[in-house]
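> What follows is model28.txt, made up of compact mmCIF, C-alpha atoms and all ligand atoms:
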# COMPACT_ATOMS: atom_id res chain seq x y z
CA MET P 1 11.73 -5.89 -21.25
CA LYS P 2 9.01 -8.44 -20.36
CA THR P 3 11.69 -10.97 -19.40
CA TRP P 4 13.50 -8.59 -17.03
CA LYS P 5 13.46 -9.50 -13.36
CA LYS P 6 11.98 -7.07 -10.79
CA ARG P 7 15.32 -5.50 -9.81
CA THR P 8 16.14 -4.60 -13.40
CA LYS P 9 12.67 -3.19 -14.00
CA ALA P 10 12.96 -1.15 -10.77
CA VAL P 11 15.94 0.71 -12.24
CA HIS P 12 15.05 1.01 -15.94
CA SER P 13 11.32 0.59 -16.64
CA GLY P 14 9.31 3.60 -17.68
CA ILE P 15 12.27 5.89 -18.29
CA ARG P 16 11.63 8.89 -20.55
CA ARG P 17 14.66 10.95 -21.58
CA SER P 18 14.53 14.56 -22.71
CA GLN P 19 16.57 15.96 -25.62
CA TYR P 20 19.57 16.16 -23.22
CA ASN P 21 19.71 12.40 -22.66
CA GLU P 22 20.16 12.75 -18.90
CA VAL P 23 21.07 9.61 -16.89
CA SER P 24 18.95 10.36 -13.82
CA GLU P 25 15.23 10.82 -14.43
CA ALA P 26 14.22 14.46 -14.93
CA ILE P 27 11.58 16.26 -12.87
CA PHE P 28 9.11 17.88 -15.24
CA LEU P 29 7.89 20.41 -12.70
CA THR P 30 5.22 21.83 -14.97
CA GLN P 31 1.47 22.01 -14.62
CA GLY P 32 0.84 22.29 -18.35
CA PHE P 33 2.15 21.71 -21.88
CA VAL P 34 2.37 23.97 -24.94
CA TYR P 35 0.76 23.03 -28.26
CA ASP P 36 2.42 23.97 -31.59
CA THR P 37 -0.91 24.96 -33.12
CA ALA P 38 -4.56 25.37 -32.20
CA GLU P 39 -5.29 22.29 -34.30
CA GLN P 40 -2.82 20.27 -32.23
CA ALA P 41 -4.48 21.41 -29.00
CA GLU P 42 -7.90 20.41 -30.37
CA ALA P 43 -6.62 17.02 -31.50
CA ARG P 44 -5.03 16.29 -28.13
CA PHE P 45 -8.24 17.01 -26.25
CA ILE P 46 -10.15 14.68 -28.58
CA GLN P 47 -7.65 11.82 -28.27
CA THR P 48 -4.49 12.02 -26.14
CA GLY P 49 -1.80 9.84 -27.70
CA GLU P 50 1.07 7.95 -26.06
CA ASP P 51 3.43 10.38 -24.28
CA GLU P 52 1.23 13.37 -25.05
CA PHE P 53 0.23 15.47 -22.07
CA ILE P 54 -2.39 18.17 -21.45
CA TYR P 55 -2.42 19.13 -17.79
CA ALA P 56 -0.62 17.66 -14.76
CA ARG P 57 -3.90 16.70 -13.10
CA TYR P 58 -4.35 14.28 -16.04
CA GLY P 59 -0.73 13.20 -16.38
CA ASN P 60 2.89 14.39 -16.52
CA PRO P 61 6.10 12.79 -17.90
CA THR P 62 7.70 12.24 -14.44
CA VAL P 63 4.43 10.84 -13.11
CA ALA P 64 4.21 8.56 -16.17
CA MET P 65 7.71 7.23 -15.42
CA PHE P 66 6.58 6.27 -11.92
CA GLU P 67 3.32 4.72 -13.16
CA GLU P 68 5.05 2.63 -15.80
CA ARG P 69 7.89 1.51 -13.49
CA ILE P 70 5.66 0.35 -10.63
CA ALA P 71 3.21 -1.29 -13.08
CA ALA P 72 6.10 -3.24 -14.62
CA LEU P 73 7.24 -4.37 -11.16
CA GLU P 74 3.76 -5.49 -10.15
CA GLY P 75 3.02 -7.22 -13.48
CA ALA P 76 0.07 -4.86 -14.05
CA GLU P 77 -0.94 -3.52 -17.46
CA ASP P 78 -1.20 0.07 -16.25
CA GLY P 79 -1.34 2.37 -13.23
CA PHE P 80 -2.62 5.77 -12.11
CA ALA P 81 -0.51 7.65 -9.53
CA THR P 82 -2.31 9.53 -6.76
CA ALA P 83 -1.59 12.21 -4.17
CA SER P 84 -1.65 9.71 -1.26
CA GLY P 85 -2.43 6.11 -0.47
CA MET P 86 -5.91 7.12 0.63
CA ALA P 87 -6.55 8.90 -2.69
CA ALA P 88 -5.69 5.55 -4.31
CA VAL P 89 -8.01 3.50 -2.07
CA ASN P 90 -10.81 6.03 -2.51
CA GLY P 91 -10.22 6.34 -6.26
CA ALA P 92 -10.16 2.59 -6.88
CA LEU P 93 -13.47 2.08 -5.05
CA THR P 94 -15.40 5.26 -5.84
CA SER P 95 -14.53 5.32 -9.55
CA MET P 96 -16.18 1.94 -10.16
CA LEU P 97 -19.09 1.89 -7.67
CA ARG P 98 -22.57 3.41 -7.82
CA ALA P 99 -25.69 3.45 -5.63
CA GLY P 100 -27.21 -0.01 -5.23
CA ASP P 101 -23.90 -1.88 -5.65
CA HIS P 102 -22.77 -4.40 -3.05
CA VAL P 103 -19.23 -4.65 -1.67
CA VAL P 104 -17.72 -7.26 0.63
CA SER P 105 -14.75 -6.11 2.70
CA ALA P 106 -12.48 -7.58 5.34
CA ARG P 107 -13.18 -5.98 8.72
CA ALA P 108 -9.54 -5.63 9.80
CA LEU P 109 -8.61 -2.41 8.00
CA PHE P 110 -6.48 0.69 8.44
CA GLY P 111 -8.70 3.36 10.06
CA SER P 112 -8.99 5.57 6.95
CA CYS P 113 -9.83 2.58 4.72
CA LEU P 114 -12.58 1.65 7.18
CA TYR P 115 -13.87 5.24 7.01
CA ILE P 116 -14.23 5.04 3.21
CA LEU P 117 -16.05 1.69 3.30
CA GLU P 118 -18.16 2.33 6.38
CA GLU P 119 -18.96 6.05 6.10
CA VAL P 120 -18.35 7.30 2.54
CA LEU P 121 -19.58 4.49 0.29
CA THR P 122 -22.69 3.83 2.39
CA ARG P 123 -23.55 7.55 2.28
CA TYR P 124 -23.86 7.19 -1.52
CA GLY P 125 -26.06 4.10 -1.37
CA VAL P 126 -23.45 1.34 -1.65
CA ASP P 127 -24.22 -1.69 0.54
CA VAL P 128 -21.08 -2.93 2.37
CA THR P 129 -20.78 -6.28 4.18
CA PHE P 130 -17.81 -6.77 6.53
CA VAL P 131 -16.31 -10.21 7.13
CA ASP P 132 -13.45 -11.82 9.03
CA GLY P 133 -10.92 -11.74 6.18
CA THR P 134 -9.16 -14.93 7.27
CA ASP P 135 -12.41 -16.96 7.15
CA LEU P 136 -13.06 -18.23 3.61
CA ALA P 137 -16.51 -19.52 4.59
CA ALA P 138 -17.43 -15.97 5.68
CA TRP P 139 -16.34 -14.57 2.29
CA GLU P 140 -18.32 -17.30 0.52
CA ALA P 141 -21.45 -16.55 2.56
CA ALA P 142 -21.19 -12.78 2.04
CA ILE P 143 -20.40 -12.67 -1.71
CA ARG P 144 -23.67 -12.50 -3.68
CA PRO P 145 -24.47 -12.54 -7.41
CA GLU P 146 -24.83 -8.73 -7.33
CA THR P 147 -21.52 -8.18 -5.47
CA LYS P 148 -19.58 -5.64 -7.50
CA ALA P 149 -16.26 -5.56 -5.61
CA VAL P 150 -14.37 -7.18 -2.76
CA PHE P 151 -11.78 -5.24 -0.77
CA PHE P 152 -9.12 -6.26 1.73
CA GLU P 153 -5.63 -5.51 3.01
CA SER P 154 -3.54 -8.55 2.03
CA ILE P 155 -1.82 -8.20 5.44
CA SER P 156 -3.98 -6.24 7.86
CA ASN P 157 -2.82 -3.16 9.76
CA PRO P 158 -1.84 -3.57 12.63
CA THR P 159 -2.85 -7.13 13.55
CA LEU P 160 -0.99 -8.73 10.61
CA GLU P 161 -3.68 -11.16 9.51
CA VAL P 162 -2.76 -12.59 6.11
CA ILE P 163 -5.60 -12.97 3.61
CA ASP P 164 -5.61 -15.68 0.94
CA ILE P 165 -5.63 -13.64 -2.29
CA ALA P 166 -6.07 -16.65 -4.65
CA SER P 167 -8.99 -18.20 -2.74
CA VAL P 168 -10.90 -14.93 -2.17
CA SER P 169 -10.31 -14.02 -5.84
CA ASP P 170 -11.77 -17.37 -6.96
CA LEU P 171 -14.93 -16.70 -4.94
CA ALA P 172 -15.20 -13.14 -6.30
CA ARG P 173 -14.55 -14.15 -9.89
CA ALA P 174 -17.41 -16.67 -9.76
CA VAL P 175 -19.85 -13.72 -9.51
CA GLY P 176 -17.84 -11.31 -11.68
CA ALA P 177 -16.81 -9.07 -8.75
CA THR P 178 -13.66 -6.94 -9.00
CA VAL P 179 -10.97 -7.85 -6.44
CA ILE P 180 -9.28 -4.73 -5.00
CA VAL P 181 -6.30 -5.40 -2.73
CA ASP P 182 -4.59 -2.84 -0.49
CA ASN P 183 -1.12 -4.37 -0.66
CA VAL P 184 0.94 -1.98 1.51
CA PHE P 185 2.20 -4.51 4.08
CA SER P 186 2.95 -7.13 1.39
CA THR P 187 5.14 -4.61 -0.52
CA PRO P 188 5.74 -4.63 -4.29
CA VAL P 189 8.94 -6.61 -3.57
CA PHE P 190 7.21 -9.73 -2.22
CA SER P 191 3.82 -9.30 -3.93
CA ASN P 192 2.49 -11.52 -6.70
CA ALA P 193 -1.06 -10.28 -6.11
CA ILE P 194 -2.07 -9.90 -9.77
CA ALA P 195 -0.71 -13.32 -10.74
CA GLN P 196 -2.58 -14.71 -7.71
CA GLY P 197 -5.92 -13.30 -8.93
CA ALA P 198 -6.27 -9.67 -7.79
CA ASP P 199 -7.79 -7.36 -10.43
CA VAL P 200 -6.68 -4.10 -8.82
CA VAL P 201 -3.71 -3.53 -6.50
CA VAL P 202 -3.40 -0.35 -4.46
CA TYR P 203 -0.31 0.95 -2.65
CA SER P 204 0.40 3.82 -0.35
CA ALA P 205 3.73 4.88 -1.91
CA THR P 206 4.34 6.82 1.31
CA LYS P 207 5.49 3.56 2.88
CA HIS P 208 8.11 1.24 1.30
CA ILE P 209 8.17 2.87 -2.16
CA ASP P 210 9.49 6.17 -0.87
CA GLY P 211 10.87 4.35 2.16
CA GLN P 212 12.56 7.46 3.50
CA GLY P 213 9.63 9.34 5.01
CA ARG P 214 9.70 12.25 2.55
CA ALA P 215 6.39 12.39 0.72
CA LEU P 216 2.82 11.13 0.48
CA GLY P 217 1.82 9.19 -2.61
CA GLY P 218 -0.23 6.30 -3.94
CA ILE P 219 -0.83 4.14 -6.99
CA ILE P 220 -3.79 2.21 -8.44
CA LEU P 221 -2.67 -0.73 -10.61
CA GLY P 222 -4.76 -2.94 -12.88
CA LYS P 223 -5.89 -3.73 -16.41
CA GLN P 224 -5.45 -0.93 -18.94
CA ASP P 225 -9.18 -0.59 -19.67
CA PHE P 226 -9.94 -0.27 -15.95
CA ILE P 227 -7.14 2.24 -15.27
CA ARG P 228 -7.71 4.41 -18.36
CA GLY P 229 -11.47 3.84 -18.78
CA VAL P 230 -12.71 3.88 -15.15
CA VAL P 231 -10.02 5.25 -12.80
CA GLU P 232 -8.46 8.00 -14.95
CA PRO P 233 -11.69 9.87 -15.81
CA TYR P 234 -12.65 9.89 -12.11
CA MET P 235 -9.20 10.87 -10.82
CA LYS P 236 -8.42 13.52 -13.42
CA HIS P 237 -11.69 15.35 -12.78
CA THR P 238 -11.68 14.99 -8.97
CA GLY P 239 -8.10 16.14 -8.45
CA GLY P 240 -6.22 13.44 -6.59
CA ALA P 241 -3.17 13.52 -8.90
CA MET P 242 0.42 12.91 -7.76
CA SER P 243 2.76 15.90 -8.02
CA PRO P 244 5.73 15.60 -10.45
CA PHE P 245 8.18 16.23 -7.60
CA THR P 246 6.65 13.40 -5.57
CA ALA P 247 6.74 11.13 -8.64
CA TRP P 248 10.46 11.82 -8.97
CA LEU P 249 11.04 10.85 -5.31
CA MET P 250 9.04 7.68 -5.87
CA VAL P 251 10.85 6.77 -9.12
CA LYS P 252 14.19 7.06 -7.32
CA GLY P 253 12.71 5.20 -4.31
CA LEU P 254 11.81 2.26 -6.54
CA GLU P 255 15.47 1.88 -7.61
CA THR P 256 16.54 0.93 -4.08
CA MET P 257 13.27 -0.57 -2.79
CA ASP P 258 14.20 -4.22 -3.35
CA LEU P 259 17.46 -3.92 -1.38
CA ARG P 260 15.83 -1.90 1.39
CA VAL P 261 12.74 -4.06 1.84
CA ARG P 262 14.66 -7.37 1.78
CA ALA P 263 17.08 -6.06 4.41
CA GLN P 264 14.22 -4.73 6.55
CA ALA P 265 12.28 -8.02 6.27
CA ALA P 266 15.37 -10.06 7.17
CA SER P 267 15.88 -7.91 10.29
CA ALA P 268 12.16 -8.19 11.16
CA GLN P 269 12.42 -12.00 10.96
CA THR P 270 15.54 -12.04 13.20
CA ILE P 271 13.99 -9.68 15.75
CA ALA P 272 10.62 -11.48 15.85
CA GLN P 273 12.31 -14.86 16.40
CA ALA P 274 14.58 -13.49 19.14
CA LEU P 275 11.74 -11.75 21.01
CA GLU P 276 9.55 -14.83 20.79
CA ALA P 277 12.39 -17.03 22.09
CA ASP P 278 12.99 -14.60 24.99
CA GLY P 279 9.43 -15.44 26.08
CA VAL P 280 9.03 -12.21 28.07
CA LEU P 281 6.26 -10.56 26.02
CA GLU P 282 2.59 -11.62 26.07
CA GLN P 283 2.66 -11.99 22.30
CA VAL P 284 4.92 -11.53 19.28
CA VAL P 285 2.96 -11.40 16.01
CA TYR P 286 4.85 -11.71 12.72
CA PRO P 287 3.70 -13.55 9.59
CA GLY P 288 7.21 -15.03 9.21
CA LEU P 289 6.98 -16.85 12.57
CA GLU P 290 5.84 -20.48 12.61
CA SER P 291 3.50 -19.55 15.46
CA HIS P 292 1.55 -17.17 13.14
CA PRO P 293 -1.87 -18.65 12.20
CA GLN P 294 -1.26 -17.97 8.47
CA HIS P 295 2.43 -18.88 8.41
CA ALA P 296 2.05 -21.46 5.61
CA LEU P 297 -0.07 -19.07 3.53
CA THR P 298 2.52 -16.32 4.06
CA GLN P 299 5.25 -18.60 2.72
CA SER P 300 3.29 -19.56 -0.41
CA GLN P 301 1.77 -16.12 -1.08
CA LEU P 302 4.78 -13.88 -0.26
CA GLY P 303 7.82 -15.97 0.63
CA ALA P 304 8.67 -13.55 3.48
CA GLY P 305 7.00 -12.10 6.56
CA GLY P 306 7.34 -8.42 5.62
CA THR P 307 8.85 -5.49 7.49
CA VAL P 308 6.31 -5.04 10.29
CA LEU P 309 5.73 -6.97 13.50
CA ALA P 310 3.47 -6.45 16.49
CA ILE P 311 4.22 -7.10 20.14
CA ASP P 312 1.94 -7.03 23.15
CA ALA P 313 3.31 -5.41 26.29
CA GLY P 314 0.28 -6.50 28.33
CA SER P 315 -1.34 -3.14 29.06
CA GLN P 316 -1.42 0.43 27.78
CA GLU P 317 0.68 1.53 30.75
CA ALA P 318 3.35 -1.06 29.99
CA ALA P 319 3.20 -0.20 26.27
CA PHE P 320 3.77 3.51 26.98
CA LYS P 321 6.69 2.70 29.34
CA LEU P 322 8.22 0.49 26.67
CA LEU P 323 7.78 3.13 23.94
CA ASN P 324 9.28 5.86 26.13
CA ALA P 325 12.31 3.69 26.93
CA LEU P 326 13.23 3.13 23.26
CA GLU P 327 16.30 4.99 21.99
CA ILE P 328 16.67 3.99 18.33
CA PHE P 329 13.02 3.35 17.41
CA VAL P 330 11.17 6.62 16.95
CA ILE P 331 7.57 6.97 18.14
CA SER P 332 5.65 7.82 14.98
CA ASN P 333 3.00 6.35 12.70
CA ASN P 334 4.61 5.76 9.31
CA LEU P 335 5.93 2.35 8.31
CA GLY P 336 8.31 0.91 5.72
CA ASP P 337 10.76 3.73 6.52
CA ALA P 338 14.57 3.51 6.76
CA LYS P 339 14.12 4.53 10.39
CA SER P 340 12.56 1.96 12.72
CA ILE P 341 9.21 3.20 14.01
CA ALA P 342 7.11 2.17 17.01
CA THR P 343 3.37 2.91 17.04
CA HIS P 344 0.68 2.43 19.69
CA PRO P 345 -2.41 1.77 17.50
CA THR P 346 -5.01 1.99 20.31
CA THR P 347 -4.19 5.64 21.08
CA THR P 348 -3.12 6.80 17.58
CA THR P 349 -3.91 5.16 14.22
CA HIS P 350 -6.92 3.23 15.55
CA GLN P 351 -8.05 5.72 18.23
CA ARG P 352 -11.25 6.48 16.27
CA LEU P 353 -12.58 2.92 16.75
CA THR P 354 -14.69 1.93 19.74
CA ASP P 355 -13.24 -0.33 22.46
CA GLU P 356 -15.49 -3.15 21.22
CA THR P 357 -14.35 -2.81 17.60
CA ARG P 358 -10.69 -2.73 18.64
CA ALA P 359 -11.21 -5.81 20.81
CA ALA P 360 -12.95 -7.62 17.93
CA LEU P 361 -9.99 -6.79 15.66
CA GLY P 362 -7.42 -7.97 18.22
CA ILE P 363 -6.05 -4.46 18.80
CA THR P 364 -5.31 -4.80 22.51
CA PRO P 365 -4.30 -1.84 24.74
CA GLY P 366 -0.79 -3.33 25.04
CA LEU P 367 -0.26 -3.80 21.29
CA ILE P 368 2.73 -2.01 19.73
CA ARG P 369 3.38 -2.02 15.98
CA LEU P 370 7.06 -2.11 15.05
CA SER P 371 8.16 -1.12 11.55
CA ILE P 372 11.70 -2.40 11.13
CA GLY P 373 14.08 -0.03 9.35
CA LEU P 374 17.57 -0.20 7.93
CA GLU P 375 19.57 0.06 11.17
CA ASP P 376 21.70 -2.86 12.39
CA ALA P 377 19.35 -5.64 13.58
CA ASP P 378 21.49 -6.31 16.68
CA ASP P 379 21.20 -2.65 17.73
CA LEU P 380 17.43 -2.75 17.22
CA LEU P 381 17.12 -5.95 19.25
CA ASP P 382 19.24 -4.47 22.07
CA ASP P 383 17.05 -1.35 22.03
CA LEU P 384 13.88 -3.46 22.31
CA ARG P 385 15.27 -5.78 25.00
CA THR P 386 16.45 -2.82 27.10
CA ALA P 387 13.02 -1.17 26.78
CA ILE P 388 11.21 -4.44 27.57
CA SER P 389 13.30 -4.98 30.72
CA ALA P 390 12.51 -1.39 31.79
CA VAL P 391 8.79 -2.25 31.93
C1 LIG W 1 -0.72 4.08 5.22
C2 LIG W 1 -1.76 3.20 4.66
C3 LIG W 1 -2.74 3.71 3.80
C4 LIG W 1 -2.86 5.19 3.49
O1 LIG W 1 -1.76 5.71 2.81
P1 LIG W 1 -1.41 7.30 2.86
O2 LIG W 1 -0.29 7.40 1.89
O3 LIG W 1 -1.06 7.61 4.27
O4 LIG W 1 -2.64 8.03 2.42
C5 LIG W 1 -3.68 2.84 3.29
N1 LIG W 1 -3.65 1.52 3.59
C6 LIG W 1 -2.72 1.00 4.41
C7 LIG W 1 -2.75 -0.48 4.69
C8 LIG W 1 -1.74 1.81 4.97
O5 LIG W 1 -0.83 1.28 5.79
Please, can you express the file's structure as structure tokens?
Ligand SMILES: *Cc1c(COP(=O)(O)O)cnc(C)c1O


Amino acid sequence: MKTWKKRTKAVHSGIRRSQYNEVSEAIFLTQGFVYDTAEQAEARFIQTGEDEFIYARYGNPTVAMFEERIAALEGAEDGFATASGMAAVNGALTSMLRAGDHVVSARALFGSCLYILEEVLTRYGVDVTFVDGTDLAAWEAAIRPETKAVFFESISNPTLEVIDIASVSDLARAVGATVIVDNVFSTPVFSNAIAQGADVVVYSATKHIDGQGRALGGIILGKQDFIRGVVEPYMKHTGGAMSPFTAWLMVKGLETMDLRVRAQAASAQTIAQALEADGVLEQVVYPGLESHPQHALTQSQLGAGGTVLAIDAGSQEAAFKLLNALEIFVISNNLGDAKSIATHPTTTTHQRLTDETRAALGITPGLIRLSIGLEDADDLLDDLRTAISAV
């Protein structure tokens, strides 16, 4: 199984068959498990063996299938599935940190990630230093001997800065800090984050893993002793577990993820190049474009630019006009979905930030985030060009 390529693992890894030998993975929609004897119950609470379950907050066979399949894809020893991407980000950080610890984080973060680092961790006495994630000298200056963890989005939301996982991990490893990467925009398809030095990889499964806008979910991936010794005790007692039904959606999502994400990324590349060549927009930001500041890093770290691009319409008024003129793209705030989605970060996902913070992060009033779906790329490009000419 170790020699299988990602697409084979995505279909077969982690499978657990019941006594009926079903082909498609079963949903074990049960909160608990029956013990044959009182002695067996006692023994299981002392030491839970492989494929033994107690309570769905701790684990469940369908959830275990998802954890094992995504861990195999990512090249991680183990994983703990969570109720949402934010439960995964919070669980990865909070399970390992305590008062007095120091964390270094990239500043360009999804609003809820920023909330955890800026508001939650500091409330419990964790010292957090924010840096420009693309500036290695800034990481080097901020990481101290007592730094316990570093945190960043490998591609930032929504400005699409690409962070050098190998170089930041080298700096962190020198002081024994744990490297925690929110890898949503990189996707499990293009990611080699663990091989490149990350200790812990976190995904919102809500995005490309489900890929069809049905359910919230998340996963924390890493070494077995970290997942079972640090993350699991925290998660199982604080209640952020993934539901078995969600795990089933995610297991089936993983089977088609490679095909979906590659098709979406190919369309994103085509659309970004065409819009840039049109030369009408203030800015087209896509890590797969040669004009992107981290284009070379994107090629070596991921080999593709991902499924999301950002365009600048020039002003909020122009951005709203453009959004309202779109026919195929839906105005929403998910990403990685089969349906193409347009988002105005300033007034939605990043509304909570001050004007100054948004400006510092490059989130201009005209910025629109485009998540490219599975529709025909020519239709999507026509839709965008029509909307752009309407502005
Ligand atoms: C969406 C997202 C999250 C949060 O995931 P949920 O499943 O919505 O909780 C975290 N990080 C990034 C980069 C995201 O895009």

> For CA of Leu93 (chain P) and CA of Pro293 (chain P), determine how far apart the two atoms are, in Å to one decimal place.

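It comes out at 29.4 Å.
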
> For Ala81 (chain P), which residue among P:Thr206, P:Ser18, P:Thr37, P:Ser169 is the nearest when counting only C-alpha atoms?

P:Thr206

> Counting all atoms listed in the file, which residue out of P:Thr307, P:Gln269, P:Gln224, P:Asn324 sits closest to ligand LIG 1 (chain W)?

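The closest residue to ligand LIG 1 (chain W) is P:Thr307.
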
> List as a list in words the residues having at least one atom at most 9 Å from position (6.1, -15.3, 9.6) as given in the file, counting only C-alpha atoms.

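Nearby residues: Gln269, Ala272, Val285, Tyr286, Pro287, Gly288, Leu289, Glu290, Ser291, His292, Gln294, His295, Ala296, Thr298, Gln299, Ala304, Gly305 and Gly306 of chain P.
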
> Find the residue from P:Val126, P:Val201, P:Val391, P:Leu353 that sits nearest to Ile227 (chain P); use all atoms listed in the file when measuring.

P:Val201

> Give the answer as one residue: which of P:Val63, P:Leu323, P:Ile116, P:Ala99 has the shortest atom-to-atom distance to ligand LIG 1 (chain W), using only C-alpha atoms and all ligand atoms?

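Among the listed residues, the smallest separation from ligand LIG 1 (chain W) belongs to P:Ile116.
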
> Neighbouring residues of ligand LIG 1 (chain W) are defined here as those with any atom at most 9 Å from a ligand atom, counting all atoms listed in the file; list them as a compact mmCIF listing (two decimals) with C-alpha atoms, in the coordinates of the input.


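The resulting result04.txt:
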# COMPACT_ATOMS: atom_id res chain seq x y z
CA ALA P 83 -1.59 12.21 -4.17
CA SER P 84 -1.65 9.71 -1.26
CA GLY P 85 -2.43 6.11 -0.47
CA MET P 86 -5.91 7.12 0.63
CA ALA P 87 -6.55 8.90 -2.69
CA ALA P 88 -5.69 5.55 -4.31
CA VAL P 89 -8.01 3.50 -2.07
CA LEU P 109 -8.61 -2.41 8.00
CA PHE P 110 -6.48 0.69 8.44
CA GLY P 111 -8.70 3.36 10.06
CA SER P 112 -8.99 5.57 6.95
CA CYS P 113 -9.83 2.58 4.72
CA GLU P 153 -5.63 -5.51 3.01
CA SER P 154 -3.54 -8.55 2.03
CA ILE P 155 -1.82 -8.20 5.44
CA SER P 156 -3.98 -6.24 7.86
CA ASN P 157 -2.82 -3.16 9.76
CA PRO P 158 -1.84 -3.57 12.63
CA ASP P 182 -4.59 -2.84 -0.49
CA ASN P 183 -1.12 -4.37 -0.66
CA VAL P 184 0.94 -1.98 1.51
CA PHE P 185 2.20 -4.51 4.08
CA VAL P 202 -3.40 -0.35 -4.46
CA TYR P 203 -0.31 0.95 -2.65
CA SER P 204 0.40 3.82 -0.35
CA ALA P 205 3.73 4.88 -1.91
CA THR P 206 4.34 6.82 1.31
CA LYS P 207 5.49 3.56 2.88
CA ALA P 215 6.39 12.39 0.72
CA LEU P 216 2.82 11.13 0.48
CA GLY P 217 1.82 9.19 -2.61
CA GLY P 218 -0.23 6.30 -3.94
CA ASN P 333 3.00 6.35 12.70
CA ASN P 334 4.61 5.76 9.31
CA LEU P 335 5.93 2.35 8.31

> Considering only C-alpha atoms, can you say which of P:Glu39, P:Asp101, P:Glu327, P:Glu255 comes closest to Ile15 (chain P)?

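Among the listed residues, P:Glu255 lies closest to Ile15 (chain P).
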
> Given the point (-2.1, -15.3, -1.6) in the file's coordinates, find the residues that have an atom at most 9 Å from it, counting only C-alpha atoms, and give them as a list in words.

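Answer for this query, in the requested form: Ser154, Val162, Ile163, Asp164, Ile165, Ala166, Ser167, Val168, Ser191, Asn192, Ala193, Gln196, Gly197, Leu297, Thr298, Ser300, Gln301 and Leu302 of chain P.
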
> Measuring atom to atom with all atoms listed in the file, identify which of P:Asp337, P:Glu375, P:Asp382, P:Glu52 is nearest to Gly213 (chain P).

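Nearest candidate to Gly213 (chain P) out of P:Asp337, P:Glu375, P:Asp382, P:Glu52: P:Asp337.
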
> Using only C-alpha atoms, which protein or nucleic acid residues come within 8 Å of Thr364 (chain P)? Drop anything in the same chain fewer than 3 positions from it, and give the result as an mmCIF file with C-alpha atoms, keeping the file's coordinate frame.


data_model
loop_
_atom_site.group_PDB
_atom_site.id
_atom_site.type_symbol
_atom_site.label_atom_id
_atom_site.label_comp_id
_atom_site.auth_asym_id
_atom_site.auth_seq_id
_atom_site.Cartn_x
_atom_site.Cartn_y
_atom_site.Cartn_z
ATOM 1 C CA ASP P 312 1.940 -7.030 23.150
ATOM 2 C CA SER P 315 -1.340 -3.140 29.060
ATOM 3 C CA THR P 346 -5.010 1.990 20.310
ATOM 4 C CA ARG P 358 -10.690 -2.730 18.640
ATOM 5 C CA ALA P 359 -11.210 -5.810 20.810
ATOM 6 C CA LEU P 367 -0.260 -3.800 21.290
#

> Quick check, in Å to one decimal: how far apart do CA of Asp278 (chain P) and CA of Lys339 (chain P) lie?

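Calculated distance between CA of Asp278 (chain P) and CA of Lys339 (chain P) is 24.1 Å.
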
> Can you work out the spacing between CA of His102 (chain P) and CA of Thr147 (chain P) in Å, to one decimal?

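Result for CA of His102 (chain P) versus CA of Thr147 (chain P): 4.7 Å, one decimal.
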
> Please provide the set of residues having any atom within 12 Å of Thr82 (chain P), restricted to only C-alpha atoms, with same-chain residues fewer than 6 positions apart removed, written as a ChimeraX atom specification.

/P:56-59,63-64,66-67,88-92,202-206,215-221,231-232,234-236,238-244,246-247,250
